[in-house]
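Okay, structure first, notes after.
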Amino acid sequence: MSDGTTRYAITLVVNGVVREAAVPARRLLSDCLRHDLGLTGTHVGCEHGVCGACTVLLDGEPVRSCLTFAVTVDGHEITTVEGLAKDGELSPVQRAFTECHGLQCGFCTPGFLCTATAFLRDNPVPTDEEVLVAVSGNLCRCTGYQNIVKAVHRAAEIQAEIQPGLTAETGPGESGRTA
Amino acid sequence: MKPPPFEYHAPVSVSEALEALAATGPHGKVLAGGQSLIPLLNMRLVAPSHLVDINRIGELDTLTAGADGVRVGALARHATVERSTEAAAVQPLLRQALRLVAHPVIRNRGTVVGSLVHADPSAEMPAVLALLGGSVRLACLGGEREVAAADFFTGPMESAVEPGELAVSAFFPAPPPRSGTAFREVSRRHGDYAVAGMAALVTLDEDLRIASARVACVSVGPGPVVVDVSDACARRPAASVPWDAVAAAVRDRIDPEGDIHATAGYRRHLTGVLAERALKDAARNAGTEAAHE
Amino acid sequence: MTTKLFGEPVRRREDARLVTGQGRYLDDLGPGALAAAFVRSPHAHARIKDIDVSAALDVEGLVAIYTWEDLPGALAEPLPLLIPHPALTHGRTAYPLAKDIVRHVGEPVVMVVAEDRYVAEDACALIEVEYEFLKPVVGVEEAVQGGNLVHEDVPGNVGAHMVQEVPSRDGRSAAEMIGAAPHTLEFRLDIERSACMPLEGKGVYARWDADDQSLRVYSSTQTSTSVRMAIAAKLGLPLPKVEVIAPDVGGGFGVKIVHPWPEEILIPWAARTLDREVKWTEDRREHFVSSAHERAQVQHVRVGFDDDGRILGLDVTILHDHGAYTPYGIIVPIITSTQLLGPYKIGAYRVEFSSIYTNTVQVTPYRGAGRPQGVFCMERTMDRVAAYLGRDRTEVRAANFIGPAEFPYDQRLIFQDGRPLIYDSGNYPESLRMLKELIGWDSFPEMKARAAAEGRRIGIGVGCYVEGTGVGPYEGGHVQVTSDGRVHVSTGLTSQGQGHETVFAQIAATELGVPIEKVSVVTGDTRRFGYAVGTFASRAAVMSGNAIALACRKVREKALRIAADALEADPRDLEITDGIVHVAGTPSASIPLATVAVLSNPLRYAFDEEAKRATQFSGATSMDRPPVEEGEEPGLEGKDYYSPIRSTFASGMHAAIVETDPETAEITILRYAVVHDCGKLINPMIVEGQIHGGVAQGVGGALYEKMVYDEHGQLLNASFMDFLMPYATEVPRIETAHLETPSPLNPLGIKGAGEAGVIPVSAVIASAVEDAEGITIDRMPISPSDLHTLRLRLAG
């Protein structure tokens with residue numbers, strides 16, 4: 001008989017590092033990352049899946065960590081905001097957000113960064129409308145979004161500068177663009 | 001806002017899942033994508049004593065598009081179905097509707113079958129299944145049954161799934177030749193549940209007149225409300241259909257309620273407007289289909 | 001001359017940590033702390049008959065359960081009423097935990113402390129509170145009937161009543177002026193409730209140090225200094241034994257200026273009582289029902305005007321819903337009634353408000369703090385006058401503008417700070433000219449006709465406001481240059497995303513002539529600066545910005561004096577560039593500021609290279625004078641305060657073009673234009689960001705957000721599913737232009753910018769929808785369903 005307090009030993013690969021934790025089944029992934037693994041960059045804004053602040057990448061795809069049980073994703077790969085920068089170098093999306101004043105209080109920012117990172121990986125040359133829809137599941141109460149949208153476009157530019165060819169190979173109809 | 005405790009079951013096969021569900025009966029609840037269930041748990045609005053997590057059951061992560069339709073396994077995420085060009089080719093309404101389901105990140109996790117079982121009258125997928133006359137396959141220890149959409153949605157947030165049963169897949173039939181579909185909705189914000197929504201299916205005859213037309217209405221009844229408006233379309237080409245009469249026919253069949261976002265009257269009005277818009281879109285798409293024949 | 005950073009779009013220095021997940025918000029702290037959760041009232045109005053905790057006692061991991069009866073001393077008293085006012089004759093505040101009666105859904109009744117939040121919530125769920133129902137009072141118009149009372153001893157539910165009258169320049173009352181006016185109009189306006197809704201809720205984390213008998217508290221607050229004083233008083237601790245720190249704060253918008261919240265004294269008390277670290281992190285549902293809301297008002301307007309639309313007399317009566325308690329006094333309706341006048345000269349004005357108790361969440365300032373309601377009233381009035389006279393709406397406004405030569409302009413009212421409402425500077429005709437050009441006001445009729453020909457409905461709207469910013473009484477700044485050449489700036493007020501670390505560093509770097517990389521800024525930490533008021537009322541840049549500038553000037557003067565000695569030069573000939581003090585025109589005669597910092601302290605232990613290097617300058621000390629001369633202090637540091645005689649008045653004008661769907665009644669904002677005047681800009685990038693965010697909140701308030709209570713006092717939409725904050729898809733692109741009319745009141749010539757964006761949006765959107773539809777709009781927000789209902793009404 002179980003009274004719901006059983007702890008499950010789980011292994012997650014978080015930002016490329018194997019991490020282990022013992023969690024009750026009801027432990028939300030957001031709480032597991034923040035409190036069991038000490039990765040407090042993932043923020044919790046509503047715990048009902050609307051605000052998007054807790055968005056992390058699960059096997060590369062953005063998901064709400066507040067709507068996921070840690071035990072469910074045992075054995076999977078997670079990327080959090082702490083894992084976006086590589087070797088101390090900000091990622092294109094992180095750079096763009098700082099260049100474009102895409103954040104104010106910064107609380108919603110990790111969710112936007114994770115969402116935008118996956119979006120630009122799949123769609124390196126997005127249209128205005130595509131960017132709007134891509135970030136439309138994340139609430140920000142400070143910026144009014146204008147600079148966030150600008151930052152996502154800017155990140156696409158930076159990404160193209162860093163990885164020339166990406167645009168021409170996978171981007172739709174941007175043949176005139178210089179790499 | 002933390003979920004209450006529950007006993008956790010992590011089956012790796014359908015048979016294990018069915019055993020767990022049989023053992024827990026009315027106390028067991030299936031966890032698939034969790035995008036509707038976990039908010040309710042976090043708010044402690046539901047407190048199942050057993051949760052059967054089907055996320056490890058690879059055999060449920062299926063999506064099969066055949067000439068007769070699309071079968072979606074219980075672990076197929078909204079996003080997977082939305083992106084599938086094969087599924088879109090067989091039944092374009094799937095992608096048309098899925099684009100309106102919440103936001104992309106929710107669709108990465110939420111499942112189509114989970115959305116059907118949740119049976120929210122404001123959700124898109126129940127309307128799609130109902131409009132197309134699809135079905136849901138339910139399994140239990142020692143058996144399986146295929147429940148037609150008309151029998152599946154039994155009330156607001158209520159479906160035909162019995163204790164001990166697992167919805168293993170849903171089937172969305174392909175439309176007849178010279179058919180077109182469309183989905184239209186008005187929501188308060190992008191990605192919100194629809195204030196009112198409309199799925200439409202139009203089939204043309206060889207003279208490109210509307211042979212049959214059907215809609216399924218969202219957010220205006222206890223479940224999806226399917227209305228056949230073939231008669232109201234009077235077997236005319238779309239350009240000369242008496243749209244006012246069609247909208248009126250749809251409005252007559254619904255029984256919307258008011259809430260904090262919209263009055264019942266506005267929902268009724270909107271349903272008429274959306275019926276016309278969705279049917280016109282569907283007729284146009286049917287015309288395109290017919291031209292390809 | 002030197003490092004010019006003031007006025008530049010310097011990138012934010014906060015961002016590096018915030019984009020990498022290295023920010024430290026409240027819930028990121030104290031990983032091992034116990035967690036608190038609260039049993040909150042499910043009823044709007046009820047008497048507590050019994051609290052049975054027995055079932056909860058078996059919960060594994062439970063640490064403690066507290067009710068009001070457990071609270072000692074001052075903690076058991078009602079929470080403080082922060083801003084008393086003679087008109088607030090019946091101010092009432094809640095107990096930290098409910099005593100006998102609960103007056104709104106969400107009022108805290110029991111505090112549970114447990115090993116983690118999951119377990120704490122399990123225990124909460126098992127605590128049974130028996131209530132006797134009392135009749136709830138919902139809605140101001142029902143409340144003023146006085147049939148049921150929120151507080152038994154407050155007749156008619158009227159907490160405050162206030163009248164301000166400004167006669168015409170020739171001494172006639174508003175009533176007389178309206179009576180004698182060629183034209184009069186009378187109408188009613190409604191604005192519904194909204195809320196600040198920062199993405200991070202409130203939170204408190206407390207550590208008691210039993211050895212030191214001291215308390216360190218972290219709170220997600222807009223005022224750490226005042227929280228500190230409240231904790232010391234409520235817990236009976238000496239002030240020096242309490243320190244309060246606002247860590248990174250995930251948005252405030254007003255709700256976190258209220259203090260102490262019950263949790264801000266209960267959590268520290270529990271930490272001391274249990275001698276364990278305790279943390280409470282507010283969840284979203286708690287935030288909806290137990291923090292604060294704002295906006296709701298019913299306004300009755302009578303206006304008299306002449307053929308040109310000049311307002312001869314204006315009489316406004318306001319019913320203000322302040323919810324169940326008044327911890328923050330009546331600031332909101334006072335601001336509504338005074339800032340209502342905007343950029344206009346009104347012949348005679350009378351305003352009366354009643355601030356009313358209801359069994360709903362308390363109402364305290366939300367960005368704009370009463371101004372959106374006042375501006376809605378005035379701007380709707382202007383549009384009605386224009387419609388009545390058949391004149392252009394901007395013409396009627398211009399006819400009423402205070403002229404650029406009329407400053408300082410005395411509105412002859414008493415403002416929120418108890419001081420005369422005197423506008424310091426502004427240029428309203430120029431603002432309007434810029435706005436009309438930006439939005440294309442004069443060519444809009446053609447655009448509208450073209451749209452109409454395509455079966456589309458579009459409309460244009462305008463709204464103007466004046467905002468008192470930078471209210472006193474004071475803020476301070478402390479600036480220290482250490483021997484490594486670094487500049488440490490601190491100020492007591494807090495930050496919630498405004499970029500203070502950047503703008504204050506810009507000010508310090510500019511004033512001191514040092515590279516901005518050498519400057520670090522700390523805000524909201526009572527260990528660094530003990531005296532402060534807080535971050536609200538668009539005051540941080542004006543108040544702390546000027547205080548820091550003044551402190552820097554002290555430091556600079558001292559640095560030049562010391563450097564002059566060392567260089568044997570006249571301090572008046574010295575300049576500081578890139579952290580080097582040098583003789584103007586003779587760069588070789590120089591001394592680094594770092595070395596000056598070493599010289600400023602007679603104790604020169606050579607811990608670092610700078611101190612060793614400084615020895616070359618030490619020599620000629622006089623044996624007749626003490627090492628630290630009278631009036632001097634060791635160290636290169638300075639502190640100063642800025643305390644203005646009154647507020648400085650920023651202003652702005654917005655215009656929008658909207659489209660309404662003739663069938664679905666959906667409302668889309670096609671364009672949104674802002675002309676903004678906040679005096680000198682410290683960092684235009686940050687000011688624009690503030691405007692964008694404000695407008696977005698305004699769009700929320702105009703088209704999406706409202707708190708809906710039913711007749712039982714239940715909040716029907718206490719979630720992000722149903723309280724509709726706009727996403728990126730709902731906020732238009734905002735076009736901005738700046739006008740810089742410096743304030744003559746402060747050394748930097750700046751005015752506040754934090755709240756501006758939100759203020760006129762409801763007025764502007766109402767104006768535009770009205771223009772598109774030809775239907776009078778007198779209630780906001782407006783949803784497609786609302787518009788549909790209005791259309792039906794018009795159609796009869």
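Labels used: A, B, ... for chains in the order of the structure tokens, numbers from 1 for residues in each chain, and numbers from 1 for ligands as shown.
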
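Proximity to region 747-755 of chain C at 7 Å, evaluated using only C-alpha atoms and with sequence-adjacent residues fewer than 2 positions away removed, yields Arg367, Gly368, Thr469, Gly470, Ser538, Arg539, Ala541, Val542, Asn546, Thr648, Phe649, Ala650, Cys678, Gly679, Lys680, Leu681, Val687, Gln690, Gly694, Pro742, Ser743, Pro744, Leu745, Gly757, Val758 and Ile759 of chain C.
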
Check every residue of chain A for an atom within 6 Å of chain C, counting only C-alpha atoms, and provide those that qualify as a PyMOL selection string.
chain A and resi 40-41+45-46+81-82+94+98+104-107+136+139+142-145

Store the residues picked out above in a file with C-alpha atoms, as a compact mmCIF listing (two decimals), in the first residue's frame.
```
# COMPACT_ATOMS: atom_id res chain seq x y z
CA THR A 40 16.38 28.34 -9.76
CA GLY A 41 16.56 30.02 -13.15
CA GLY A 45 4.45 32.26 -12.26
CA CYS A 46 1.06 30.59 -12.20
CA VAL A 81 17.88 28.78 -18.94
CA GLU A 82 21.10 27.92 -17.13
CA GLN A 94 20.26 35.67 -24.69
CA THR A 98 20.02 42.11 -23.71
CA GLN A 104 12.65 44.34 -17.34
CA CYS A 105 12.06 42.48 -14.10
CA GLY A 106 13.39 39.31 -15.73
CA PHE A 107 10.97 36.94 -14.08
CA SER A 136 2.19 34.20 -27.67
CA LEU A 139 3.01 36.32 -20.38
CA CYS A 142 6.67 44.54 -17.87
CA THR A 143 7.81 44.98 -21.45
CA GLY A 144 4.68 45.16 -23.54
CA TYR A 145 6.35 42.50 -25.75
```

If the cut-off is 9 Å, can you tell me the residues of chain A near chain B, counting only C-alpha atoms? I'd like them as a PyMOL selection string.
chain A and resi 1-6+24-28+46-50+52+55+61-64+66-69+72-73+115+133-138

Let me see the file: selected residues, N, CA and C atoms, as a JSON list (two decimals), in the first residue's frame.
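The resulting again02.json:
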```
[["chain", "number", "residue", "atom", "x", "y", "z"],
["A", 1, "MET", "N", 0.84, -1.20, 0.00],
["A", 1, "MET", "CA", 0.00, 0.00, 0.00],
["A", 1, "MET", "C", 0.87, 1.24, 0.00],
["A", 2, "SER", "N", 0.46, 2.20, -0.75],
["A", 2, "SER", "CA", 1.21, 3.43, -0.82],
["A", 2, "SER", "C", 0.35, 4.58, -0.34],
["A", 3, "ASP", "N", 0.93, 5.53, 0.40],
["A", 3, "ASP", "CA", 0.13, 6.66, 0.85],
["A", 3, "ASP", "C", 0.51, 7.93, 0.09],
["A", 4, "GLY", "N", 1.17, 7.77, -1.03],
["A", 4, "GLY", "CA", 1.50, 8.94, -1.84],
["A", 4, "GLY", "C", 2.82, 9.57, -1.45],
["A", 5, "THR", "N", 3.50, 9.02, -0.44],
["A", 5, "THR", "CA", 4.76, 9.63, -0.03],
["A", 5, "THR", "C", 5.97, 8.86, -0.57],
["A", 6, "THR", "N", 5.70, 7.80, -1.31],
["A", 6, "THR", "CA", 6.79, 7.03, -1.89],
["A", 6, "THR", "C", 7.69, 7.93, -2.72],
["A", 24, "PRO", "N", 8.84, 12.52, -4.66],
["A", 24, "PRO", "CA", 7.50, 11.94, -4.63],
["A", 24, "PRO", "C", 6.89, 12.06, -6.03],
["A", 25, "ALA", "N", 5.93, 11.20, -6.32],
["A", 25, "ALA", "CA", 5.34, 11.21, -7.66],
["A", 25, "ALA", "C", 4.73, 12.57, -8.00],
["A", 26, "ARG", "N", 4.24, 13.28, -6.99],
["A", 26, "ARG", "CA", 3.54, 14.53, -7.28],
["A", 26, "ARG", "C", 4.50, 15.71, -7.47],
["A", 27, "ARG", "N", 5.79, 15.47, -7.35],
["A", 27, "ARG", "CA", 6.74, 16.58, -7.48],
["A", 27, "ARG", "C", 6.68, 17.14, -8.90],
["A", 28, "LEU", "N", 6.35, 18.41, -9.02],
["A", 28, "LEU", "CA", 6.33, 19.03, -10.34],
["A", 28, "LEU", "C", 7.76, 19.18, -10.84],
["A", 46, "CYS", "N", 2.51, 30.80, -12.37],
["A", 46, "CYS", "CA", 1.06, 30.59, -12.20],
["A", 46, "CYS", "C", 0.70, 29.17, -11.79],
["A", 47, "GLU", "N", 1.56, 28.23, -12.08],
["A", 47, "GLU", "CA", 1.29, 26.82, -11.76],
["A", 47, "GLU", "C", -0.04, 26.33, -12.32],
["A", 48, "HIS", "N", -0.51, 26.98, -13.40],
["A", 48, "HIS", "CA", -1.59, 26.34, -14.14],
["A", 48, "HIS", "C", -1.38, 26.44, -15.65],
["A", 49, "GLY", "N", -0.12, 26.65, -16.02],
["A", 49, "GLY", "CA", 0.23, 26.45, -17.42],
["A", 49, "GLY", "C", -0.04, 27.61, -18.35],
["A", 50, "VAL", "N", -0.43, 28.76, -17.82],
["A", 50, "VAL", "CA", -0.80, 29.87, -18.71],
["A", 50, "VAL", "C", 0.34, 30.85, -18.93],
["A", 52, "GLY", "N", 3.78, 30.63, -18.75],
["A", 52, "GLY", "CA", 4.95, 30.23, -19.53],
["A", 52, "GLY", "C", 6.29, 30.52, -18.89],
["A", 55, "THR", "N", 8.73, 27.53, -18.60],
["A", 55, "THR", "CA", 9.01, 26.73, -19.80],
["A", 55, "THR", "C", 10.47, 26.28, -19.86],
["A", 61, "GLU", "N", 12.19, 20.11, -26.89],
["A", 61, "GLU", "CA", 10.93, 20.80, -27.18],
["A", 61, "GLU", "C", 10.45, 21.57, -25.95],
["A", 62, "PRO", "N", 10.00, 22.81, -26.13],
["A", 62, "PRO", "CA", 9.55, 23.58, -24.98],
["A", 62, "PRO", "C", 8.27, 23.02, -24.37],
["A", 63, "VAL", "N", 8.28, 22.86, -23.06],
["A", 63, "VAL", "CA", 7.09, 22.39, -22.32],
["A", 63, "VAL", "C", 7.00, 23.18, -21.02],
["A", 64, "ARG", "N", 5.80, 23.15, -20.44],
["A", 64, "ARG", "CA", 5.59, 23.78, -19.14],
["A", 64, "ARG", "C", 6.09, 22.83, -18.05],
["A", 66, "CYS", "N", 5.70, 23.26, -14.99],
["A", 66, "CYS", "CA", 4.71, 23.22, -13.90],
["A", 66, "CYS", "C", 3.57, 22.27, -14.23],
["A", 67, "LEU", "N", 3.50, 21.83, -15.48],
["A", 67, "LEU", "CA", 2.45, 20.88, -15.88],
["A", 67, "LEU", "C", 3.07, 19.54, -16.26],
["A", 68, "THR", "N", 4.17, 19.22, -15.63],
["A", 68, "THR", "CA", 4.86, 17.97, -15.90],
["A", 68, "THR", "C", 5.35, 17.43, -14.56],
["A", 69, "PHE", "N", 5.11, 16.15, -14.31],
["A", 69, "PHE", "CA", 5.68, 15.55, -13.11],
["A", 69, "PHE", "C", 7.11, 15.13, -13.39],
["A", 72, "THR", "N", 7.59, 11.55, -14.40],
["A", 72, "THR", "CA", 7.18, 11.19, -15.76],
["A", 72, "THR", "C", 8.35, 11.29, -16.73],
["A", 73, "VAL", "N", 9.23, 12.27, -16.51],
["A", 73, "VAL", "CA", 10.29, 12.51, -17.49],
["A", 73, "VAL", "C", 11.62, 11.90, -17.05],
["A", 115, "THR", "N", 11.63, 29.19, -24.99],
["A", 115, "THR", "CA", 10.66, 29.08, -26.09],
["A", 115, "THR", "C", 11.29, 29.57, -27.40],
["A", 133, "VAL", "N", 3.30, 34.53, -32.89],
["A", 133, "VAL", "CA", 2.62, 33.31, -32.44],
["A", 133, "VAL", "C", 3.55, 32.48, -31.55],
["A", 134, "ALA", "N", 4.83, 32.46, -31.91],
["A", 134, "ALA", "CA", 5.78, 31.65, -31.14],
["A", 134, "ALA", "C", 5.86, 32.10, -29.69],
["A", 135, "VAL", "N", 5.81, 33.40, -29.46],
["A", 135, "VAL", "CA", 5.94, 33.89, -28.08],
["A", 135, "VAL", "C", 4.58, 34.16, -27.44],
["A", 136, "SER", "N", 3.51, 33.81, -28.16],
["A", 136, "SER", "CA", 2.19, 34.20, -27.67],
["A", 136, "SER", "C", 1.70, 33.34, -26.51],
["A", 137, "GLY", "N", 2.45, 32.32, -26.13],
["A", 137, "GLY", "CA", 2.02, 31.53, -24.97],
["A", 137, "GLY", "C", 2.75, 31.92, -23.70],
["A", 138, "ASN", "N", 3.46, 33.05, -23.75],
["A", 138, "ASN", "CA", 4.21, 33.48, -22.58],
["A", 138, "ASN", "C", 3.75, 34.88, -22.16]]
```

Just want the 8 Å neighbourhood of Pro48 (chain B), counted on only C-alpha atoms, with same-chain residues fewer than 5 positions away dropped. Output as a PyMOL selection string.
chain B and resi 6+27-29

Could the residues in this selection be written to a file with N, CA and C atoms, as a PDB file, in the first residue's frame?
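In the end it all went to again.pdb:
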```pdb
ATOM      1  N   PHE B   6      -0.909  11.162  -4.455  1.00  0.00           N
ATOM      2  CA  PHE B   6      -1.635  10.080  -5.126  1.00  0.00           C
ATOM      3  C   PHE B   6      -0.675   8.911  -5.265  1.00  0.00           C
ATOM      4  N   HIS B  27     -11.197   4.962  -8.786  1.00  0.00           N
ATOM      5  CA  HIS B  27     -10.210   5.817  -8.106  1.00  0.00           C
ATOM      6  C   HIS B  27      -9.010   6.121  -8.992  1.00  0.00           C
ATOM      7  N   GLY B  28      -8.978   5.466 -10.153  1.00  0.00           N
ATOM      8  CA  GLY B  28      -7.818   5.647 -11.029  1.00  0.00           C
ATOM      9  C   GLY B  28      -8.076   6.703 -12.079  1.00  0.00           C
ATOM     10  N   LYS B  29      -7.029   7.437 -12.420  1.00  0.00           N
ATOM     11  CA  LYS B  29      -7.141   8.478 -13.435  1.00  0.00           C
ATOM     12  C   LYS B  29      -5.924   8.343 -14.337  1.00  0.00           C
TER      13      LYS B  29
END
```

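The shortest atom-to-atom distance to chain C, with only C-alpha atoms taken into account, belongs to B:Ala196 out of B:Ile254, B:Ala88, B:Ala17, B:Ala196.
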